[in-house]
>>> print(open('work14.txt').read())   # compact mmCIF, C-alpha atoms
# COMPACT_ATOMS: atom_id res chain seq x y z
CA LEU A 183 -55.72 -28.57 0.67
CA VAL A 184 -53.38 -30.70 2.61
CA ALA A 185 -56.49 -31.36 4.50
CA CYS A 186 -57.61 -33.59 1.73
CA SER A 187 -55.79 -36.57 3.11
CA ALA A 188 -58.64 -37.15 5.54
CA GLY A 189 -59.24 -40.86 4.98
CA VAL A 190 -56.17 -42.34 6.70
CA SER A 191 -57.21 -44.89 9.35
CA ALA A 192 -55.88 -45.77 12.78
CA GLN A 193 -54.77 -49.31 11.98
CA SER A 194 -52.83 -48.23 8.92
CA ILE A 195 -50.22 -45.63 9.74
CA LYS A 196 -47.73 -44.63 12.40
CA PRO A 197 -47.85 -41.43 14.44
CA GLY A 198 -44.99 -38.99 14.02
CA LEU A 199 -43.56 -36.75 11.34
CA TRP A 200 -45.03 -37.17 7.85
CA GLU A 201 -44.22 -35.55 4.54
CA ILE A 202 -47.20 -35.17 2.24
CA THR A 203 -46.56 -34.37 -1.40
CA SER A 204 -49.52 -33.20 -3.50
CA GLN A 205 -50.09 -32.51 -7.16
CA MET A 206 -53.22 -30.54 -8.03
CA GLN A 207 -55.00 -29.84 -11.27
CA GLY A 208 -57.79 -27.32 -11.39
CA SER A 209 -58.94 -24.38 -13.41
CA LYS A 210 -56.43 -22.16 -15.19
CA GLU A 211 -57.27 -19.41 -12.70
CA MET A 212 -56.49 -21.65 -9.71
CA ASN A 213 -53.26 -22.94 -11.25
CA ASP A 214 -52.18 -19.37 -12.03
CA ALA A 215 -52.97 -18.26 -8.47
CA MET A 216 -50.86 -21.10 -7.04
CA ALA A 217 -47.97 -20.24 -9.34
CA GLU A 218 -48.21 -16.58 -8.26
CA ALA A 219 -48.21 -17.55 -4.57
CA ARG A 220 -45.14 -19.76 -5.10
CA LYS A 221 -43.34 -16.95 -6.97
CA ALA A 222 -44.22 -14.46 -4.24
CA MET A 223 -42.78 -16.75 -1.56
CA GLU A 224 -39.62 -17.38 -3.58
CA SER A 225 -39.11 -13.67 -4.26
CA MET A 226 -39.41 -12.62 -0.60
CA PRO A 227 -36.27 -11.31 1.06
CA PRO A 228 -34.67 -14.14 3.10
CA GLU A 229 -35.71 -12.58 6.45
CA GLN A 230 -39.34 -12.23 5.36
CA ARG A 231 -39.43 -15.77 3.91
CA LYS A 232 -38.01 -17.16 7.18
CA MET A 233 -40.61 -15.21 9.16
CA MET A 234 -43.39 -16.70 6.97
CA GLN A 235 -41.94 -20.23 7.30
CA ASP A 236 -41.64 -19.83 11.09
CA MET A 237 -45.26 -18.65 11.30
CA MET A 238 -46.43 -21.70 9.32
CA ALA A 239 -44.26 -24.02 11.45
CA ARG A 240 -46.02 -22.74 14.59
CA GLN A 241 -49.26 -23.92 12.93
CA GLY A 242 -47.80 -27.40 12.37
CA VAL A 243 -46.89 -26.95 8.72
CA GLN A 244 -43.55 -26.74 6.96
CA MET A 245 -43.77 -26.13 3.25
CA SER A 246 -41.20 -26.64 0.56
CA PRO A 247 -41.69 -26.22 -3.19
CA SER A 248 -41.83 -29.40 -5.23
CA GLY A 249 -42.12 -27.71 -8.62
CA GLY A 250 -44.99 -27.69 -11.08
CA SER A 251 -48.47 -27.55 -9.62
CA GLY A 252 -47.50 -29.39 -6.47
CA MET A 253 -46.28 -28.80 -2.98
CA ALA A 254 -44.78 -30.76 -0.14
CA ILE A 255 -45.54 -30.21 3.52
CA LYS A 256 -44.39 -31.79 6.73
CA ILE A 257 -46.94 -32.36 9.47
CA CYS A 258 -46.92 -33.99 12.87
CA MET A 259 -49.63 -36.64 13.30
CA THR A 260 -50.43 -37.71 16.85
CA GLN A 261 -51.90 -41.10 17.77
CA GLU A 262 -55.07 -39.28 18.84
CA MET A 263 -55.42 -37.71 15.37
CA ILE A 264 -54.94 -41.11 13.73
CA ASP A 265 -57.37 -42.81 16.15
CA ARG A 266 -60.02 -40.15 15.38
CA ASN A 267 -59.51 -40.76 11.65
CA GLU A 268 -58.93 -37.04 11.17
CA VAL A 269 -55.36 -36.99 9.94
CA ALA A 270 -54.64 -33.68 8.23
CA SER A 271 -58.36 -33.09 8.25
CA HIS A 272 -60.12 -30.05 6.81
CA LYS A 273 -60.27 -27.04 9.04
CA GLY A 274 -63.75 -25.61 9.10
CA ASP A 275 -67.23 -27.04 9.42
CA CYS A 276 -66.94 -30.40 7.62
CA THR A 277 -68.59 -33.81 7.71
CA HIS A 278 -66.48 -36.83 6.69
CA THR A 279 -67.66 -40.28 5.64
CA ASN A 280 -65.29 -43.22 5.28
CA SER A 281 -66.30 -46.52 3.69
CA ALA A 282 -65.18 -49.84 5.05
CA ARG A 283 -61.67 -50.73 4.02
CA SER A 284 -61.39 -53.26 1.20
CA GLY A 285 -57.93 -54.79 1.02
CA ASN A 286 -55.49 -51.89 1.10
CA THR A 287 -57.97 -49.21 -0.07
CA MET A 288 -60.68 -47.09 1.51
CA LYS A 289 -63.04 -44.59 -0.08
CA PHE A 290 -64.01 -41.34 1.62
CA SER A 291 -66.15 -38.29 1.02
CA PHE A 292 -66.61 -34.92 2.71
CA VAL A 293 -68.90 -31.92 2.68
CA CYS A 294 -67.85 -28.59 4.20
CA THR A 295 -69.98 -25.51 4.81
CA GLN A 296 -67.04 -23.27 5.77
CA PRO A 297 -65.40 -23.04 3.35
CA PRO A 298 -68.10 -24.38 0.97
CA SER A 299 -66.69 -27.51 -0.69
CA SER A 300 -67.28 -31.22 -1.21
CA GLY A 301 -65.33 -34.13 -2.58
CA GLU A 302 -64.56 -37.80 -2.67
CA GLY A 303 -61.54 -39.96 -3.09
CA THR A 304 -59.66 -43.15 -2.42
CA VAL A 305 -56.80 -43.86 -0.02
CA THR A 306 -54.39 -46.68 -0.89
CA TYR A 307 -52.26 -47.92 2.00
CA ASN A 308 -48.87 -49.08 0.80
CA SER A 309 -47.52 -49.78 4.31
CA PRO A 310 -47.74 -48.28 7.84
CA GLU A 311 -45.20 -45.71 6.57
CA SER A 312 -46.72 -44.85 3.17
CA TYR A 313 -50.08 -44.08 1.59
CA ALA A 314 -51.49 -42.48 -1.57
CA VAL A 315 -54.68 -40.45 -2.10
CA LYS A 316 -56.61 -39.63 -5.27
CA MET A 317 -59.39 -37.10 -4.82
CA GLN A 318 -61.82 -34.86 -6.68
CA THR A 319 -63.09 -31.68 -5.01
CA THR A 320 -65.65 -29.05 -5.89
CA SER A 321 -65.46 -25.72 -4.09
CA THR A 322 -67.16 -22.38 -4.46
CA VAL A 323 -64.84 -19.54 -5.45
CA ARG A 324 -66.39 -16.09 -5.89
CA GLY A 325 -69.81 -17.68 -6.34
CA GLN A 326 -68.63 -20.13 -9.03
CA ALA A 327 -68.19 -23.90 -8.67
CA GLU A 328 -64.57 -24.88 -9.25
CA LYS A 329 -63.43 -28.48 -9.69
CA MET A 330 -60.00 -29.76 -8.75
CA GLU A 331 -58.26 -33.12 -8.86
CA MET A 332 -55.50 -33.94 -6.45
CA GLN A 333 -53.07 -36.79 -5.98
CA SER A 334 -51.12 -36.99 -2.73
CA SER A 335 -48.64 -39.34 -1.18
CA GLY A 336 -47.76 -39.55 2.49
CA ARG A 337 -44.37 -40.75 3.69
CA TRP A 338 -43.50 -41.35 7.35
CA LEU A 339 -40.23 -39.65 8.29
CA GLY A 340 -39.97 -40.84 11.91
CA GLY A 341 -41.57 -40.90 15.32
CA ASP A 342 -40.05 -37.58 16.47
CA CYS A 343 -41.74 -34.47 15.09
CA GLY A 344 -38.92 -32.20 16.23
CA ASN A 345 -40.09 -28.57 16.31
CA ILE A 346 -43.18 -29.22 14.15
CA LYS A 347 -46.30 -29.09 16.32
CA PRO A 348 -49.46 -31.10 15.56
CA ILE A 349 -52.24 -29.27 13.73
CA SER A 350 -54.98 -28.31 16.14
CA ILE A 351 -58.22 -30.04 15.14
CA PRO A 352 -61.35 -29.33 17.17
CA LYS A 353 -62.79 -32.36 18.96
CA LYS A 354 -66.18 -33.53 17.72
>>> encode(input="work14.txt", output="structure tokens")
Amino acid sequence: LVACSAGVSAQSIKPGLWEITSQMQGSKEMNDAMAEARKAMESMPPEQRKMMQDMMARQGVQMSPSGGSGMAIKICMTQEMIDRNEVASHKGDCTHTNSARSGNTMKFSFVCTQPPSSGEGTVTYNSPESYAVKMQTTSTVRGQAEKMEMQSSGRWLGGDCGNIKPISIPKK
């Protein structure tokens, strides 16, 4: 769901290491599942937790709990990703539409066939080192439509991504 920050544009942000913090609100079932996943990660033996964190880091993601129904991740955004307007984009078969920027905001929408989902939202650019996203998504879970609202904020941490590798996004 980090992928939901898809509307960030090339003229607005810097490449490098970003921390994206997200708060999600969805169905009780979804919120319960997220809480269970967080508990499972926290209750893992230290060696197993480190192995899981290392595996995610190889995929370009470092996760840390932020409490409640949210999460924080660190990702490496390359200039190419920013230029292609696919920053932290959905993995899967998705079509994105971005509206023209008006002041410091831009609207976006997406439709994905794998996994089946759609949504729309607004990106507000605070500076080249900070942005905020508000989004509504509808996805299909076990044949049922499930709605979710998400608020995210992106914060640039620096130009060096360290050991975090960029997320691999297929070229269009």
>>> atom_distance(input="work14.txt", atom1="CA of Ser204 in chain A", atom2="CA of Met253 in chain A")
5.5 Å
>>> residues_around(input="work14.txt", residues="Gly208 in chain A", least_positions_apart="5", cutoff="10 Å", atoms="only C-alpha atoms", output="list in words")
Asn213, Asp214, Ser251, Gln318, Thr319, Thr320, Glu328, Lys329, Met330, Glu331 and Met332 of chain A
>>> atom_distance(input="work14.txt", atom1="CA of Cys343 in chain A", atom2="CA of Thr203 in chain A")
17.2 Å
>>> residues_near_point(input="work14.txt", point="(-52.7, -40.1, -7.7)", cutoff="10 Å", atoms="all atoms listed in the file", output="PyMOL selection string")
chain A and resi 204-206+303-306+314-317+331-335
>>> residues_near_point(input="work14.txt", point="(-41.8, -40.1, 16.1)", cutoff="10 Å", atoms="all atoms listed in the file", output="CSV table (one decimal) with C-alpha atoms, keeping the file's coordinate frame")
chain,number,residue,atom,x,y,z
A,196,LYS,CA,-47.7,-44.6,12.4
A,197,PRO,CA,-47.8,-41.4,14.4
A,198,GLY,CA,-45.0,-39.0,14.0
A,199,LEU,CA,-43.6,-36.8,11.3
A,200,TRP,CA,-45.0,-37.2,7.8
A,258,CYS,CA,-46.9,-34.0,12.9
A,259,MET,CA,-49.6,-36.6,13.3
A,260,THR,CA,-50.4,-37.7,16.8
A,338,TRP,CA,-43.5,-41.4,7.4
A,339,LEU,CA,-40.2,-39.6,8.3
A,340,GLY,CA,-40.0,-40.8,11.9
A,341,GLY,CA,-41.6,-40.9,15.3
A,342,ASP,CA,-40.0,-37.6,16.5
A,343,CYS,CA,-41.7,-34.5,15.1
A,344,GLY,CA,-38.9,-32.2,16.2
>>> atom_distance(input="work14.txt", atom1="CA of Ala215 in chain A", atom2="CA of Lys232 in chain A")
21.7 Å
>>> closest_residue(input="work14.txt", among="A:Thr279, A:Ser299, A:Ile257, A:Ser284", to="Gly325 in chain A", atoms="only C-alpha atoms")
A:Ser299
>>> closest_residue(input="work14.txt", among="A:Tyr313, A:Ser194, A:Ala222, A:Ile255", to="Arg283 in chain A", atoms="only C-alpha atoms")
A:Ser194
